[in-house]
>>> print(open('structure_5.pdb').read())   # PDB, C-alpha atoms and all ligand atoms
MODEL        1
ATOM      1  CA  MET A   1       4.177  -0.970 -52.259
ATOM      2  CA  LEU A   2       2.983  -0.815 -55.871
ATOM      3  CA  GLU A   3       2.205  -3.860 -57.991
ATOM      4  CA  GLY A   4       2.023  -3.289 -61.749
ATOM      5  CA  GLY A   5      -0.079  -5.356 -64.131
ATOM      6  CA  ALA A   6      -2.009  -6.780 -61.189
ATOM      7  CA  GLY A   7      -4.363  -8.611 -63.541
ATOM      8  CA  THR A   8      -6.770 -10.830 -61.664
ATOM      9  CA  GLY A   9      -4.877 -10.255 -58.421
ATOM     10  CA  LEU A  10      -3.066 -13.580 -58.064
ATOM     11  CA  ALA A  11       0.167 -12.015 -56.826
ATOM     12  CA  THR A  12      -1.694  -9.131 -55.160
ATOM     13  CA  ARG A  13      -3.486 -11.572 -52.875
ATOM     14  CA  ALA A  14      -0.234 -13.325 -51.954
ATOM     15  CA  LEU A  15       1.473  -9.992 -51.203
ATOM     16  CA  VAL A  16      -1.404  -8.871 -48.959
ATOM     17  CA  ALA A  17      -1.245 -12.231 -47.165
ATOM     18  CA  LEU A  18       2.431 -11.530 -46.447
ATOM     19  CA  GLY A  19       1.408  -8.302 -44.697
ATOM     20  CA  ALA A  20       2.268  -5.798 -47.453
ATOM     21  CA  HIS A  21       0.233  -2.622 -48.028
ATOM     22  CA  VAL A  22      -0.403  -3.077 -51.723
ATOM     23  CA  VAL A  23      -1.647  -0.704 -54.391
ATOM     24  CA  GLY A  24      -2.207  -2.816 -57.497
ATOM     25  CA  PHE A  25      -2.561  -1.120 -60.847
ATOM     26  CA  ASP A  26      -3.480  -2.342 -64.297
ATOM     27  CA  LEU A  27      -4.536  -0.966 -67.685
ATOM     28  CA  SER A  28      -7.604  -3.157 -67.765
ATOM     29  CA  ALA A  29     -10.693  -2.250 -65.719
ATOM     30  CA  PRO A  30     -12.250  -5.757 -66.003
ATOM     31  CA  MET A  31      -8.981  -7.290 -64.723
ATOM     32  CA  LEU A  32      -8.932  -4.871 -61.804
ATOM     33  CA  GLU A  33     -12.480  -5.837 -60.848
ATOM     34  CA  HIS A  34     -11.225  -9.409 -60.456
ATOM     35  CA  ALA A  35      -8.202  -8.172 -58.496
ATOM     36  CA  SER A  36     -10.433  -6.214 -56.091
ATOM     37  CA  ARG A  37     -12.507  -9.316 -55.438
ATOM     38  CA  ASN A  38      -9.528 -11.695 -55.191
ATOM     39  CA  ALA A  39      -7.233  -9.529 -53.084
ATOM     40  CA  ALA A  40      -9.291  -8.016 -50.281
ATOM     41  CA  GLY A  41      -7.217  -5.437 -48.447
ATOM     42  CA  ALA A  42      -5.368  -4.125 -51.523
ATOM     43  CA  TYR A  43      -6.172  -0.851 -53.238
ATOM     44  CA  THR A  44      -6.550  -1.018 -57.004
ATOM     45  CA  VAL A  45      -5.949   1.799 -59.489
ATOM     46  CA  LEU A  46      -6.631   1.914 -63.230
ATOM     47  CA  ALA A  47      -3.254   3.074 -64.555
ATOM     48  CA  ASP A  48      -0.730   2.634 -67.338
ATOM     49  CA  GLY A  49       2.649   1.496 -66.003
ATOM     50  CA  ASN A  50       4.352   3.736 -68.558
ATOM     51  CA  HIS A  51       2.766   6.874 -67.043
ATOM     52  CA  LEU A  52       2.134   6.328 -63.367
ATOM     53  CA  PRO A  53      -0.394   8.522 -61.538
ATOM     54  CA  PHE A  54       1.566   8.275 -58.270
ATOM     55  CA  ALA A  55       3.602  10.873 -56.376
ATOM     56  CA  ASP A  56       7.413  10.985 -56.473
ATOM     57  CA  GLY A  57       9.062   8.789 -53.842
ATOM     58  CA  CYS A  58       5.811   7.262 -52.545
ATOM     59  CA  ALA A  59       6.695   3.542 -52.663
ATOM     60  CA  ASP A  60       9.330   1.275 -51.162
ATOM     61  CA  LEU A  61       8.767  -1.460 -53.763
ATOM     62  CA  CYS A  62       7.316  -1.491 -57.269
ATOM     63  CA  CYS A  63       6.919  -5.022 -58.563
ATOM     64  CA  PHE A  64       5.566  -6.787 -61.621
ATOM     65  CA  ALA A  65       4.302 -10.379 -61.624
ATOM     66  CA  GLN A  66       4.356 -11.768 -65.159
ATOM     67  CA  SER A  67       3.759  -8.276 -66.531
ATOM     68  CA  TRP A  68       6.990  -6.262 -66.921
ATOM     69  CA  HIS A  69       7.344  -7.298 -70.583
ATOM     70  CA  TRP A  70       4.083  -5.491 -71.425
ATOM     71  CA  LEU A  71       5.585  -2.096 -70.594
ATOM     72  CA  ASP A  72       7.772   0.185 -72.692
ATOM     73  CA  PRO A  73      11.039   0.341 -70.717
ATOM     74  CA  LEU A  74      11.912   3.784 -72.097
ATOM     75  CA  ASP A  75       8.938   5.193 -70.189
ATOM     76  CA  ALA A  76       8.414   2.609 -67.466
ATOM     77  CA  VAL A  77      11.960   2.503 -66.033
ATOM     78  CA  PRO A  78      12.126   6.260 -65.247
ATOM     79  CA  GLU A  79       8.537   6.181 -63.997
ATOM     80  CA  VAL A  80       9.290   3.350 -61.569
ATOM     81  CA  ALA A  81      12.456   5.144 -60.408
ATOM     82  CA  ARG A  82      10.445   8.344 -59.908
ATOM     83  CA  VAL A  83       7.774   6.784 -57.666
ATOM     84  CA  LEU A  84      10.295   4.812 -55.592
ATOM     85  CA  ARG A  85      11.903   6.109 -52.445
ATOM     86  CA  ALA A  86      15.670   6.574 -52.690
ATOM     87  CA  ASP A  87      16.251   3.143 -51.122
ATOM     88  CA  GLY A  88      13.300   1.486 -52.855
ATOM     89  CA  ALA A  89      13.428  -1.477 -55.209
ATOM     90  CA  TRP A  90      12.074  -2.637 -58.541
ATOM     91  CA  ALA A  91      11.249  -6.332 -58.838
ATOM     92  CA  ALA A  92       9.794  -8.465 -61.589
ATOM     93  CA  TRP A  93       9.191 -12.167 -61.906
ATOM     94  CA  TRP A  94       8.261 -14.615 -64.567
ATOM     95  CA  SER A  95       7.306 -18.294 -64.300
ATOM     96  CA  HIS A  96       7.769 -20.662 -67.196
ATOM     97  CA  PRO A  97       7.793 -24.418 -67.856
ATOM     98  CA  ARG A  98      11.296 -25.800 -68.164
ATOM     99  CA  ALA A  99      11.755 -29.523 -68.659
ATOM    100  CA  ASP A 100      14.146 -29.404 -71.596
ATOM    101  CA  GLY A 101      15.708 -32.789 -72.253
ATOM    102  CA  THR A 102      12.516 -34.604 -71.234
ATOM    103  CA  ALA A 103      11.018 -36.385 -74.259
ATOM    104  CA  TRP A 104       7.369 -35.325 -73.834
ATOM    105  CA  PHE A 105       8.341 -31.703 -73.175
ATOM    106  CA  ASP A 106      10.771 -31.365 -76.082
ATOM    107  CA  GLN A 107       8.226 -32.842 -78.487
ATOM    108  CA  TYR A 108       5.535 -30.491 -77.118
ATOM    109  CA  GLN A 109       7.805 -27.486 -77.626
ATOM    110  CA  ARG A 110       8.603 -28.624 -81.165
ATOM    111  CA  LEU A 111       4.876 -28.902 -82.003
ATOM    112  CA  LEU A 112       4.358 -25.315 -80.794
ATOM    113  CA  GLU A 113       7.454 -23.949 -82.521
ATOM    114  CA  HIS A 114       6.582 -25.662 -85.789
ATOM    115  CA  SER A 115       3.099 -24.100 -86.056
ATOM    116  CA  THR A 116       3.326 -20.756 -84.239
ATOM    117  CA  SER A 117       5.692 -17.863 -83.583
ATOM    118  CA  TYR A 118       6.476 -19.374 -80.170
ATOM    119  CA  ASP A 119      10.203 -19.822 -79.544
ATOM    120  CA  ARG A 120      11.333 -21.475 -76.313
ATOM    121  CA  ARG A 121      14.377 -19.181 -76.225
ATOM    122  CA  GLN A 122      11.974 -16.362 -75.268
ATOM    123  CA  ARG A 123      12.000 -17.903 -71.789
ATOM    124  CA  ASP A 124      15.622 -16.799 -71.417
ATOM    125  CA  ILE A 125      15.030 -13.080 -71.907
ATOM    126  CA  ASP A 126      16.668 -10.953 -69.224
ATOM    127  CA  TRP A 127      13.880  -8.754 -67.860
ATOM    128  CA  SER A 128      16.355  -6.619 -65.929
ATOM    129  CA  ARG A 129      18.334  -5.526 -68.996
ATOM    130  CA  ASP A 130      16.735  -2.087 -69.408
ATOM    131  CA  VAL A 131      16.658  -1.479 -65.666
ATOM    132  CA  ALA A 132      20.398  -2.150 -65.448
ATOM    133  CA  ALA A 133      21.161  -0.016 -68.512
ATOM    134  CA  SER A 134      19.220   2.978 -67.169
ATOM    135  CA  ARG A 135      21.780   3.797 -64.427
ATOM    136  CA  ARG A 136      18.853   4.593 -62.118
ATOM    137  CA  PHE A 137      19.262   1.260 -60.329
ATOM    138  CA  GLY A 138      22.077  -0.710 -58.786
ATOM    139  CA  PRO A 139      23.080  -4.072 -60.316
ATOM    140  CA  PRO A 140      20.045  -6.380 -60.584
ATOM    141  CA  ARG A 141      20.131  -9.741 -58.853
ATOM    142  CA  ARG A 142      18.314 -12.795 -60.223
ATOM    143  CA  ILE A 143      16.818 -15.425 -57.957
ATOM    144  CA  ASP A 144      15.604 -18.693 -59.527
ATOM    145  CA  VAL A 145      13.048 -20.931 -57.891
ATOM    146  CA  ALA A 146      12.360 -24.405 -59.310
ATOM    147  CA  TRP A 147       8.961 -25.954 -58.623
ATOM    148  CA  ARG A 148       6.458 -28.419 -60.060
ATOM    149  CA  ARG A 149       3.024 -27.549 -61.316
ATOM    150  CA  GLU A 150       0.311 -30.211 -61.042
ATOM    151  CA  VAL A 151      -2.434 -29.251 -63.429
ATOM    152  CA  ALA A 152      -5.467 -30.959 -64.969
ATOM    153  CA  LEU A 153      -5.088 -31.473 -68.690
ATOM    154  CA  ASP A 154      -8.258 -29.517 -69.528
ATOM    155  CA  VAL A 155      -7.020 -26.543 -67.463
ATOM    156  CA  TRP A 156      -3.662 -26.669 -69.268
ATOM    157  CA  MET A 157      -5.437 -26.736 -72.645
ATOM    158  CA  ARG A 158      -7.679 -23.823 -71.629
ATOM    159  CA  ASP A 159      -4.535 -21.818 -70.802
ATOM    160  CA  GLU A 160      -2.995 -22.762 -74.149
ATOM    161  CA  ARG A 161      -6.082 -21.522 -76.031
ATOM    162  CA  SER A 162      -5.622 -18.104 -74.362
ATOM    163  CA  LYS A 163      -2.003 -17.713 -75.621
ATOM    164  CA  SER A 164      -1.711 -14.981 -78.256
ATOM    165  CA  TYR A 165       0.552 -17.019 -80.560
ATOM    166  CA  ILE A 166      -2.141 -19.712 -80.724
ATOM    167  CA  GLY A 167      -5.093 -17.294 -80.924
ATOM    168  CA  LEU A 168      -3.503 -15.581 -83.943
ATOM    169  CA  LEU A 169      -3.616 -18.763 -86.063
ATOM    170  CA  GLU A 170      -6.288 -19.347 -88.712
ATOM    171  CA  PRO A 171      -9.145 -21.300 -87.072
ATOM    172  CA  HIS A 172      -8.438 -24.602 -88.867
ATOM    173  CA  ALA A 173      -4.691 -24.400 -88.086
ATOM    174  CA  ARG A 174      -5.430 -23.488 -84.472
ATOM    175  CA  ASP A 175      -7.867 -26.388 -84.041
ATOM    176  CA  ALA A 176      -5.436 -28.850 -85.647
ATOM    177  CA  LEU A 177      -2.597 -27.709 -83.398
ATOM    178  CA  LEU A 178      -4.724 -27.865 -80.231
ATOM    179  CA  THR A 179      -5.894 -31.356 -81.172
ATOM    180  CA  SER A 180      -2.346 -32.612 -81.655
ATOM    181  CA  LEU A 181      -1.096 -30.929 -78.467
ATOM    182  CA  GLU A 182      -3.893 -32.506 -76.459
ATOM    183  CA  ALA A 183      -3.357 -35.945 -78.015
ATOM    184  CA  HIS A 184       0.351 -35.712 -77.219
ATOM    185  CA  LEU A 185      -0.365 -34.808 -73.585
ATOM    186  CA  ARG A 186      -2.940 -37.588 -73.192
ATOM    187  CA  LEU A 187      -0.276 -40.102 -74.210
ATOM    188  CA  ALA A 188       2.317 -38.594 -71.863
ATOM    189  CA  PHE A 189      -0.113 -38.185 -68.925
ATOM    190  CA  PRO A 190      -2.806 -40.881 -69.290
ATOM    191  CA  GLY A 191      -4.196 -40.063 -65.833
ATOM    192  CA  GLY A 192      -5.241 -36.601 -67.057
ATOM    193  CA  THR A 193      -3.030 -34.643 -64.642
ATOM    194  CA  LEU A 194       0.199 -33.048 -65.854
ATOM    195  CA  THR A 195       3.244 -32.667 -63.638
ATOM    196  CA  VAL A 196       5.297 -29.922 -65.212
ATOM    197  CA  PRO A 197       8.661 -28.644 -63.956
ATOM    198  CA  TYR A 198       8.584 -24.848 -63.746
ATOM    199  CA  GLU A 199      11.080 -22.158 -62.905
ATOM    200  CA  THR A 200      10.287 -18.721 -61.564
ATOM    201  CA  TRP A 201      12.946 -16.133 -62.331
ATOM    202  CA  LEU A 202      12.804 -13.063 -60.121
ATOM    203  CA  TRP A 203      14.913  -9.966 -60.686
ATOM    204  CA  ILE A 204      15.367  -7.274 -58.077
ATOM    205  CA  ALA A 205      17.299  -3.999 -58.250
ATOM    206  CA  LYS A 206      17.634  -1.194 -55.735
ATOM    207  CA  CYS A 207      16.957   2.345 -56.801
ATOM    208  CA  ARG A 208      20.104   4.427 -57.102
ATOM    209  CA  THR A 209      18.608   7.838 -57.793
ATOM    210  CA  ASN A 210      15.554   9.304 -59.427
ATOM    211  CA  LYS A 211      17.191  12.569 -60.441
ATOM    212  CA  ILE A 212      18.310  11.578 -63.940
ATOM    213  CA  GLY A 213      16.307  12.941 -66.884
ATOM    214  CA  PRO A 214      14.017  10.963 -69.214
ATOM    215  CA  LEU A 215      15.459   8.080 -71.270
ATOM    216  CA  ARG A 216      13.405   9.066 -74.310
ATOM    217  CA  THR A 217      14.957  11.925 -76.297
TER
HETATM  218  C1  LIG B   1      -0.003 -11.829 -67.823
HETATM  219  S1  LIG B   1      -0.993 -10.682 -66.943
HETATM  220  C2  LIG B   1      -0.306 -10.856 -65.308
HETATM  221  C3  LIG B   1      -1.348 -10.715 -64.271
HETATM  222  C4  LIG B   1      -0.928 -10.999 -62.830
HETATM  223  N1  LIG B   1       0.126 -10.114 -62.365
HETATM  224  C5  LIG B   1      -0.537 -12.450 -62.635
HETATM  225  O1  LIG B   1       0.610 -12.732 -62.290
HETATM  226  O2  LIG B   1      -1.395 -13.323 -62.824
HETATM  227  C6  LIG B   1      -0.359  -9.086 -67.488
HETATM  228  C7  LIG B   1      -1.186  -7.916 -67.009
HETATM  229  O3  LIG B   1      -0.493  -6.717 -67.373
HETATM  230  C8  LIG B   1      -1.466  -5.748 -67.701
HETATM  231  N2  LIG B   1      -0.832  -4.680 -68.494
HETATM  232  C9  LIG B   1      -0.429  -4.742 -69.779
HETATM  233  N3  LIG B   1       0.112  -3.573 -70.151
HETATM  234  C10 LIG B   1       0.062  -2.745 -69.076
HETATM  235  C11 LIG B   1       0.456  -1.385 -68.839
HETATM  236  N4  LIG B   1       1.035  -0.655 -69.788
HETATM  237  N5  LIG B   1       0.230  -0.877 -67.616
HETATM  238  C12 LIG B   1      -0.346  -1.607 -66.634
HETATM  239  N6  LIG B   1      -0.748  -2.899 -66.804
HETATM  240  C13 LIG B   1      -0.551  -3.449 -68.014
HETATM  241  C14 LIG B   1      -2.537  -6.543 -68.452
HETATM  242  O4  LIG B   1      -3.770  -5.857 -68.481
HETATM  243  C15 LIG B   1      -2.575  -7.835 -67.634
HETATM  244  O5  LIG B   1      -3.534  -7.772 -66.609
ENDMDL
END
>>> encode(input="structure_5.pdb", output="C-alpha cells")
Amino acid sequence: MLEGGAGTGLATRALVALGAHVVGFDLSAPMLEHASRNAAGAYTVLADGNHLPFADGCADLCCFAQSWHWLDPLDAVPEVARVLRADGAWAAWWSHPRADGTAWFDQYQRLLEHSTSYDRRQRDIDWSRDVAASRRFGPPRRIDVAWRREVALDVWMRDERSKSYIGLLEPHARDALLTSLEAHLRLAFPGGTLTVPYETWLWIAKCRTNKIGPLRT
C-alpha cells in the first residue's frame, strides 16, 4: 500500500504494526528521515502526491493521514486512481477537536476565531468531494470515530504555536493570543492536563476505473 504525506511516520508506524507493506511518500526530505526512523519496516520515497513516481496499478490502497488537503485534487485524484489496482481503494482521515457546546471549548474557539483566520467550520469539510466527483471511484463512505485526547498543556501549546494561522500573525499579536489561550486553558484544566474530545473522520472509496483521461483540461 501507499501512504501519502507520511510526515514523521505516525500513521506509517501504525500501518506497519497492522501487518501492511507500506511505501510512505512525502514532499519533505527531513520529514521522511523521521518517518524512516519511526516506522521501521516501511519504505519511504521523496515524492509529490500530485505526480506520483509509481507504476500503474501497483497498489491496493493509497491513503492519506491528515494530509489529503495539501494536494491539488485535479492532479492527485487521477494519479491515485492510476496507481491503484482496479479493486483498490483511496482513503483519507482527519482528526480534530470537537467539544462544541462545552463552555471552555467554545470560548477557546472564539479566541482563535477572533484573532486569526481559523474558522471551526473548516472541520466540516468533506475530503471525499473531489474523489466522488471524479467518477473514477465508487461512492465514498465516511466512518467517524470519537475519542478523547489526554495531553499536557505545554504540549498542546507547542502544537498551537506550529499552526500556520497562528504563525502568520505579527509577533506581538501572536504572543498576546498565545498568552490568553494558555491562561484560559490553565483555568479550565488547573491540573495541567487537558482532556479534549476528538473525532477522526475517515473516508474510503473504491476505485472504479483508471481509464478516464485527466481532470485538468
Ligand atoms: C499534517 S502532516 C501529516 C503527517 C502524518 N501523515 C501524520 O498524520 O502525522 C502533512 C504532510 O503532508 C506533506 N505534504 C504536503 N504536500 C504534499 C504533496 N504535494 N505530496 C506529498 N506530501 C505532501 C507534508 O510535507 C507533511 O509531512
>>> resolve_selection(input="structure_5.pdb", expression="the PyMOL selection byres (((chain A and resi 80-90) around 10) and not hetatm)", output="PyMOL selection string")
chain A and resi 1-4+49-64+73+75-79+91-92+128+131+134+136-138+140+203-212
>>> residues_around(input="structure_5.pdb", residues="Tyr108 (chain A)", least_positions_apart="2", cutoff="12 Å", atoms="all atoms listed in the file", output="compact mmCIF listing (two decimals) with C-alpha atoms, in the frame of the given file")
# COMPACT_ATOMS: atom_id res chain seq x y z
CA PRO A 97 7.79 -24.42 -67.86
CA ARG A 98 11.30 -25.80 -68.16
CA ALA A 99 11.76 -29.52 -68.66
CA ASP A 100 14.15 -29.40 -71.60
CA GLY A 101 15.71 -32.79 -72.25
CA THR A 102 12.52 -34.60 -71.23
CA ALA A 103 11.02 -36.38 -74.26
CA TRP A 104 7.37 -35.33 -73.83
CA PHE A 105 8.34 -31.70 -73.18
CA ASP A 106 10.77 -31.36 -76.08
CA ARG A 110 8.60 -28.62 -81.17
CA LEU A 111 4.88 -28.90 -82.00
CA LEU A 112 4.36 -25.32 -80.79
CA GLU A 113 7.45 -23.95 -82.52
CA HIS A 114 6.58 -25.66 -85.79
CA SER A 115 3.10 -24.10 -86.06
CA TYR A 118 6.48 -19.37 -80.17
CA ASP A 119 10.20 -19.82 -79.54
CA ARG A 120 11.33 -21.48 -76.31
CA GLU A 160 -3.00 -22.76 -74.15
CA LEU A 177 -2.60 -27.71 -83.40
CA LEU A 178 -4.72 -27.86 -80.23
CA SER A 180 -2.35 -32.61 -81.66
CA LEU A 181 -1.10 -30.93 -78.47
CA GLU A 182 -3.89 -32.51 -76.46
CA ALA A 183 -3.36 -35.94 -78.02
CA HIS A 184 0.35 -35.71 -77.22
CA LEU A 185 -0.36 -34.81 -73.58
CA ARG A 186 -2.94 -37.59 -73.19
CA LEU A 187 -0.28 -40.10 -74.21
CA ALA A 188 2.32 -38.59 -71.86
CA VAL A 196 5.30 -29.92 -65.21
>>> residues_near_ligand(input="structure_5.pdb", ligand="ligand LIG 1 (chain B)", cutoff="9 Å", atoms="all atoms listed in the file", output="ChimeraX atom specification")
/A:3-12,25-32,35,46-52,64-72,76,93-95
>>> atom_distance(input="structure_5.pdb", atom1="CA of Glu150 (chain A)", atom2="CA of Thr179 (chain A)")
21.1 Å
>>> residues_around(input="structure_5.pdb", residues="Arg161 (chain A)", least_positions_apart="6", cutoff="10 Å", atoms="all atoms listed in the file", output="number ranges by chain")
A: 155, 167, 174-175, 178
>>> atom_distance(input="structure_5.pdb", atom1="CA of Leu194 (chain A)", atom2="CA of Arg148 (chain A)")
9.7 Å
>>> closest_residue(input="structure_5.pdb", among="A:Arg158, A:Trp201, A:Arg149, A:Thr195", to="Ile125 (chain A)", atoms="all atoms listed in the file")
A:Trp201
>>> residues_around(input="structure_5.pdb", residues="Asp144 (chain A)", least_positions_apart="4", cutoff="8 Å", atoms="only C-alpha atoms", output="list in words")
Glu199, Thr200, Trp201 and Leu202 of chain A
>>> atom_distance(input="structure_5.pdb", atom1="CA of Gly41 (chain A)", atom2="CA of Val16 (chain A)")
6.8 Å
>>> closest_residue(input="structure_5.pdb", among="A:Thr193, A:Gln122, A:Thr44, A:Ser117", to="Leu153 (chain A)", atoms="only C-alpha atoms")
A:Thr193
